[in-house]
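Data first, discussion second: the structure below is written as structure tokens.
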Amino acid sequence: MIIIGEKINGTIPKVGKAIAEKDEAFIRDLAIRQAEAGAHYIDVCASTAPELEEETLIWLMNIVQDAVDTPVCIDSPNARMIEKVFKHAKKPGLINSVSEEGDKCEVIFPLIQGTEWEVIALTCDNRGIPSDVQTRVDIAKNIVEKAAKYDITPERIHIDPLVMALSADNNSFLNFVDTLKQVKALYPTIKVTSGLSNISFSMPLRKEINRHFFALAIFAGMDSAIMDPLNRDMMATLLATEALLGRDRYCRNFSNAYRKGKIGPKLEDRKK
């Protein structure tokens, strides 16, 4: 499972405060802790006023790249903004994101042509997020075909089927899985990703819903997740699921994480 660490995001109140106050130590600590917890990419999302976004993204990218070797995931809804800050990345990472909205593909794909950069692709277009599976699959196909024109192969694409809130759509998870399976049938090397919290919106026990969604999505074939690697329960779910699926030889990863206090009770609590 590819972990995209989600913690450096201005929509999170403490992070927004750190960005406003230019608290470099706070951002640096978040980057280091996510990398140590196993993140393969560190997402950086400014979520500031538009006139401040470029300056903020560059500031965040510089701090993260100085603190850790983990590649950045440049996160902005504005493709032109990603284009502006792209040159400040020190190594290939991940772009978050493209879709069939506007000219996002036409801006981002030339940018990463001939590189090792990967990209998250959302299954939405100018009409919004489709409610049916077939339209999502069709959007994924369109994006993959556009990417091919720039020699970007499916294995560099993380398709996000955009799971909807279960409280609003009882078939949300089933549609997610159906989209995943159809897209992977078309492109076996493509990756499928998702955030983990939309599924539980407006429901009680959201953390429990999220963890069960995560386990079932891994079983269904999800390859990457935009998640909090500092969430011990979520990491335990990931490691336990991979062990149950035979992906953890002799359960070494699960056992080592437990011994190091990364999952389960913290080491200091076990001594009480």
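By order of appearance in the structure tokens: chains A, B, ..., then residues from 1 within every chain, and ligands from 1 in the order shown.
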
Counting only C-alpha atoms, what are the residues of stretch 146-215 of chain A within 7 Å of stretch 89-113 of chain A, and for each of them which pair of atoms is the nearest and at what distance in Å, to one decimal? Sort the table by chain and rising number, as JSON lines.
{"residue": "A:Ala147", "atom": "CA", "partner": "A:Phe109", "partner_atom": "CA", "distance": 6.3}
{"residue": "A:Tyr150", "atom": "CA", "partner": "A:Gln113", "partner_atom": "CA", "distance": 5.6}
{"residue": "A:Asp151", "atom": "CA", "partner": "A:Gln113", "partner_atom": "CA", "distance": 6.5}
{"residue": "A:Ile152", "atom": "CA", "partner": "A:Gln113", "partner_atom": "CA", "distance": 6.5}

Using only C-alpha atoms, determine which residues lie at most 9 Å from A:Val85, disregarding the query and same-chain residues fewer than 6 positions distant; provide the list as a list in words.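 Contacts, in chain order: Glu54, Glu55, Leu57, Ile58, Met61 and Ile74 of chain A.
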
Within 12 Å of stretch 204-227 of chain A, which residues of stretch 64-162 of chain A come that close, and what is the closest atom pair and distance in Å for each? Count only C-alpha atoms and give it as a tab-separated table.
residue	atom	partner	partner_atom	distance
A:Cys73	CA	A:Ile226	CA	10.3
A:Asp75	CA	A:Ile226	CA	11.3
A:Leu94	CA	A:Ile226	CA	11.6
A:Asn96	CA	A:Ile226	CA	10.3
A:Val119	CA	A:Ser224	CA	11.8
A:Ile120	CA	A:Ser224	CA	10.1
A:Glu155	CA	A:Asp223	CA	10.8
A:Arg156	CA	A:Asp223	CA	11.9
A:Ile157	CA	A:Ser224	CA	10.9
A:His158	CA	A:Ser224	CA	7.7
A:Ile159	CA	A:Ser224	CA	9.6
A:Asp160	CA	A:Ala225	CA	9.4
A:Pro161	CA	A:Met222	CA	10.5
A:Leu162	CA	A:Ile226	CA	11.9

Just-selected residues, C-alpha atoms written as a compact mmCIF listing (two decimals), in the first residue's frame:
# COMPACT_ATOMS: atom_id res chain seq x y z
CA CYS A 73 2.77 15.36 -3.39
CA ASP A 75 -1.76 19.36 -3.93
CA LEU A 94 3.09 12.99 -7.10
CA ASN A 96 -2.73 15.93 -6.81
CA VAL A 119 -0.45 11.78 -10.86
CA ILE A 120 -3.76 11.37 -9.07
CA GLU A 155 1.17 2.69 -13.90
CA ARG A 156 1.96 6.36 -13.27
CA ILE A 157 -1.71 7.19 -12.75
CA HIS A 158 -3.62 6.86 -9.46
CA ILE A 159 -7.33 6.84 -10.34
CA ASP A 160 -9.54 8.17 -7.54
CA PRO A 161 -13.16 6.96 -8.05
CA LEU A 162 -14.32 9.63 -5.55

Stretch 25-258 of chain A: residues DSSP assigns to alpha helix (DSSP H), reported as a PyMOL selection string: chain A and resi 25-37+50-67+79-85+104-112+133-148+172-186+206-220+232-244+252-258

Would you mind listing, for every residue of stretch 133-181 of chain A within 12 Å of stretch 191-198 of chain A, the two atoms forming the shortest contact and the distance between them in Å to one decimal, using only C-alpha atoms, sorted by chain and ascending residue number, as a Markdown table?
| residue | atom | partner | partner_atom | distance |
| --- | --- | --- | --- | --- |
| A:Ala140 | CA | A:Val192 | CA | 10.7 |
| A:Val144 | CA | A:Lys191 | CA | 11.6 |
| A:Thr153 | CA | A:Lys191 | CA | 11.0 |
| A:Pro154 | CA | A:Lys191 | CA | 7.7 |
| A:Glu155 | CA | A:Lys191 | CA | 6.3 |
| A:Arg156 | CA | A:Lys191 | CA | 7.6 |
| A:Ile157 | CA | A:Lys191 | CA | 6.0 |
| A:His158 | CA | A:Lys191 | CA | 4.5 |
| A:Ile159 | CA | A:Val192 | CA | 4.7 |
| A:Asp160 | CA | A:Thr193 | CA | 5.0 |
| A:Pro161 | CA | A:Ser194 | CA | 7.2 |
| A:Leu162 | CA | A:Ser194 | CA | 6.8 |
| A:Val163 | CA | A:Asn198 | CA | 6.7 |
| A:Met164 | CA | A:Asn198 | CA | 6.2 |
| A:Ala165 | CA | A:Asn198 | CA | 5.5 |
| A:Leu166 | CA | A:Asn198 | CA | 8.3 |
| A:Ser167 | CA | A:Asn198 | CA | 10.1 |
| A:Ala168 | CA | A:Asn198 | CA | 10.8 |
| A:Asp169 | CA | A:Asn198 | CA | 11.6 |
| A:Ser172 | CA | A:Asn198 | CA | 10.2 |
| A:Phe173 | CA | A:Asn198 | CA | 10.7 |
| A:Phe176 | CA | A:Ser194 | CA | 9.5 |
| A:Val177 | CA | A:Val192 | CA | 10.1 |
| A:Asp178 | CA | A:Val192 | CA | 11.9 |
| A:Thr179 | CA | A:Val192 | CA | 9.6 |
| A:Leu180 | CA | A:Val192 | CA | 6.7 |
| A:Lys181 | CA | A:Val192 | CA | 9.5 |

Written file, previous selection with N, CA and C atoms, as a PDB file, in the first residue's frame:
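Wrote out_38.pdb, looks like this:
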ATOM      1  N   ALA A 140     -12.287   7.930 -16.524  1.00  0.00           N
ATOM      2  CA  ALA A 140     -10.960   7.329 -16.318  1.00  0.00           C
ATOM      3  C   ALA A 140     -10.323   6.972 -17.658  1.00  0.00           C
ATOM      4  N   VAL A 144      -6.790   8.449 -19.189  1.00  0.00           N
ATOM      5  CA  VAL A 144      -5.687   7.559 -19.575  1.00  0.00           C
ATOM      6  C   VAL A 144      -5.310   7.777 -21.037  1.00  0.00           C
ATOM      7  N   THR A 153       2.253   6.431 -18.946  1.00  0.00           N
ATOM      8  CA  THR A 153       1.649   5.103 -18.931  1.00  0.00           C
ATOM      9  C   THR A 153       0.724   4.936 -17.714  1.00  0.00           C
ATOM     10  N   PRO A 154      -0.211   3.972 -17.780  1.00  0.00           N
ATOM     11  CA  PRO A 154      -1.178   3.795 -16.696  1.00  0.00           C
ATOM     12  C   PRO A 154      -0.571   3.584 -15.312  1.00  0.00           C
ATOM     13  N   GLU A 155       0.597   2.943 -15.233  1.00  0.00           N
ATOM     14  CA  GLU A 155       1.167   2.688 -13.902  1.00  0.00           C
ATOM     15  C   GLU A 155       1.590   3.962 -13.178  1.00  0.00           C
ATOM     16  N   ARG A 156       1.633   5.072 -13.895  1.00  0.00           N
ATOM     17  CA  ARG A 156       1.960   6.362 -13.267  1.00  0.00           C
ATOM     18  C   ARG A 156       0.711   7.130 -12.838  1.00  0.00           C
ATOM     19  N   ILE A 157      -0.443   6.518 -13.052  1.00  0.00           N
ATOM     20  CA  ILE A 157      -1.711   7.185 -12.752  1.00  0.00           C
ATOM     21  C   ILE A 157      -2.401   6.512 -11.569  1.00  0.00           C
ATOM     22  N   HIS A 158      -2.832   7.330 -10.596  1.00  0.00           N
ATOM     23  CA  HIS A 158      -3.620   6.855  -9.457  1.00  0.00           C
ATOM     24  C   HIS A 158      -5.052   7.343  -9.674  1.00  0.00           C
ATOM     25  N   ILE A 159      -5.927   6.467 -10.117  1.00  0.00           N
ATOM     26  CA  ILE A 159      -7.326   6.839 -10.336  1.00  0.00           C
ATOM     27  C   ILE A 159      -8.053   6.903  -8.991  1.00  0.00           C
ATOM     28  N   ASP A 160      -8.731   8.022  -8.753  1.00  0.00           N
ATOM     29  CA  ASP A 160      -9.544   8.174  -7.540  1.00  0.00           C
ATOM     30  C   ASP A 160     -11.018   8.158  -7.950  1.00  0.00           C
ATOM     31  N   PRO A 161     -11.742   7.056  -7.658  1.00  0.00           N
ATOM     32  CA  PRO A 161     -13.157   6.963  -8.049  1.00  0.00           C
ATOM     33  C   PRO A 161     -14.092   7.867  -7.262  1.00  0.00           C
ATOM     34  N   LEU A 162     -13.543   8.636  -6.304  1.00  0.00           N
ATOM     35  CA  LEU A 162     -14.317   9.628  -5.547  1.00  0.00           C
ATOM     36  C   LEU A 162     -15.499   8.996  -4.815  1.00  0.00           C
ATOM     37  N   VAL A 163     -15.172   8.269  -3.775  1.00  0.00           N
ATOM     38  CA  VAL A 163     -16.209   7.636  -2.954  1.00  0.00           C
ATOM     39  C   VAL A 163     -17.103   8.698  -2.330  1.00  0.00           C
ATOM     40  N   MET A 164     -18.406   8.463  -2.383  1.00  0.00           N
ATOM     41  CA  MET A 164     -19.380   9.400  -1.840  1.00  0.00           C
ATOM     42  C   MET A 164     -19.746   9.019  -0.409  1.00  0.00           C
ATOM     43  N   ALA A 165     -20.398   9.927   0.298  1.00  0.00           N
ATOM     44  CA  ALA A 165     -20.817   9.653   1.671  1.00  0.00           C
ATOM     45  C   ALA A 165     -21.840   8.518   1.685  1.00  0.00           C
ATOM     46  N   LEU A 166     -21.594   7.537   2.527  1.00  0.00           N
ATOM     47  CA  LEU A 166     -22.485   6.388   2.647  1.00  0.00           C
ATOM     48  C   LEU A 166     -23.877   6.811   3.133  1.00  0.00           C
ATOM     49  N   SER A 167     -23.908   7.857   3.940  1.00  0.00           N
ATOM     50  CA  SER A 167     -25.180   8.342   4.474  1.00  0.00           C
ATOM     51  C   SER A 167     -26.083   8.908   3.385  1.00  0.00           C
ATOM     52  N   ALA A 168     -25.491   9.328   2.278  1.00  0.00           N
ATOM     53  CA  ALA A 168     -26.257   9.889   1.165  1.00  0.00           C
ATOM     54  C   ALA A 168     -26.478   8.881   0.048  1.00  0.00           C
ATOM     55  N   ASP A 169     -25.582   7.900  -0.046  1.00  0.00           N
ATOM     56  CA  ASP A 169     -25.663   6.898  -1.110  1.00  0.00           C
ATOM     57  C   ASP A 169     -25.314   5.540  -0.514  1.00  0.00           C
ATOM     58  N   SER A 172     -22.528   3.526  -2.073  1.00  0.00           N
ATOM     59  CA  SER A 172     -21.282   4.254  -2.294  1.00  0.00           C
ATOM     60  C   SER A 172     -20.070   3.332  -2.371  1.00  0.00           C
ATOM     61  N   PHE A 173     -19.893   2.487  -1.384  1.00  0.00           N
ATOM     62  CA  PHE A 173     -18.722   1.609  -1.380  1.00  0.00           C
ATOM     63  C   PHE A 173     -18.793   0.610  -2.526  1.00  0.00           C
ATOM     64  N   PHE A 176     -17.774   2.254  -5.621  1.00  0.00           N
ATOM     65  CA  PHE A 176     -16.320   2.449  -5.599  1.00  0.00           C
ATOM     66  C   PHE A 176     -15.606   1.177  -6.074  1.00  0.00           C
ATOM     67  N   VAL A 177     -16.021   0.044  -5.516  1.00  0.00           N
ATOM     68  CA  VAL A 177     -15.384  -1.226  -5.866  1.00  0.00           C
ATOM     69  C   VAL A 177     -15.658  -1.582  -7.326  1.00  0.00           C
ATOM     70  N   ASP A 178     -16.882  -1.360  -7.776  1.00  0.00           N
ATOM     71  CA  ASP A 178     -17.227  -1.667  -9.167  1.00  0.00           C
ATOM     72  C   ASP A 178     -16.382  -0.829 -10.122  1.00  0.00           C
ATOM     73  N   THR A 179     -16.239   0.465  -9.807  1.00  0.00           N
ATOM     74  CA  THR A 179     -15.394   1.342 -10.636  1.00  0.00           C
ATOM     75  C   THR A 179     -13.954   0.848 -10.630  1.00  0.00           C
ATOM     76  N   LEU A 180     -13.449   0.539  -9.449  1.00  0.00           N
ATOM     77  CA  LEU A 180     -12.076   0.031  -9.300  1.00  0.00           C
ATOM     78  C   LEU A 180     -11.855  -1.189 -10.190  1.00  0.00           C
ATOM     79  N   LYS A 181     -12.749  -2.144 -10.105  1.00  0.00           N
ATOM     80  CA  LYS A 181     -12.562  -3.402 -10.834  1.00  0.00           C
ATOM     81  C   LYS A 181     -12.654  -3.196 -12.342  1.00  0.00           C
TER      82      LYS A 181
END
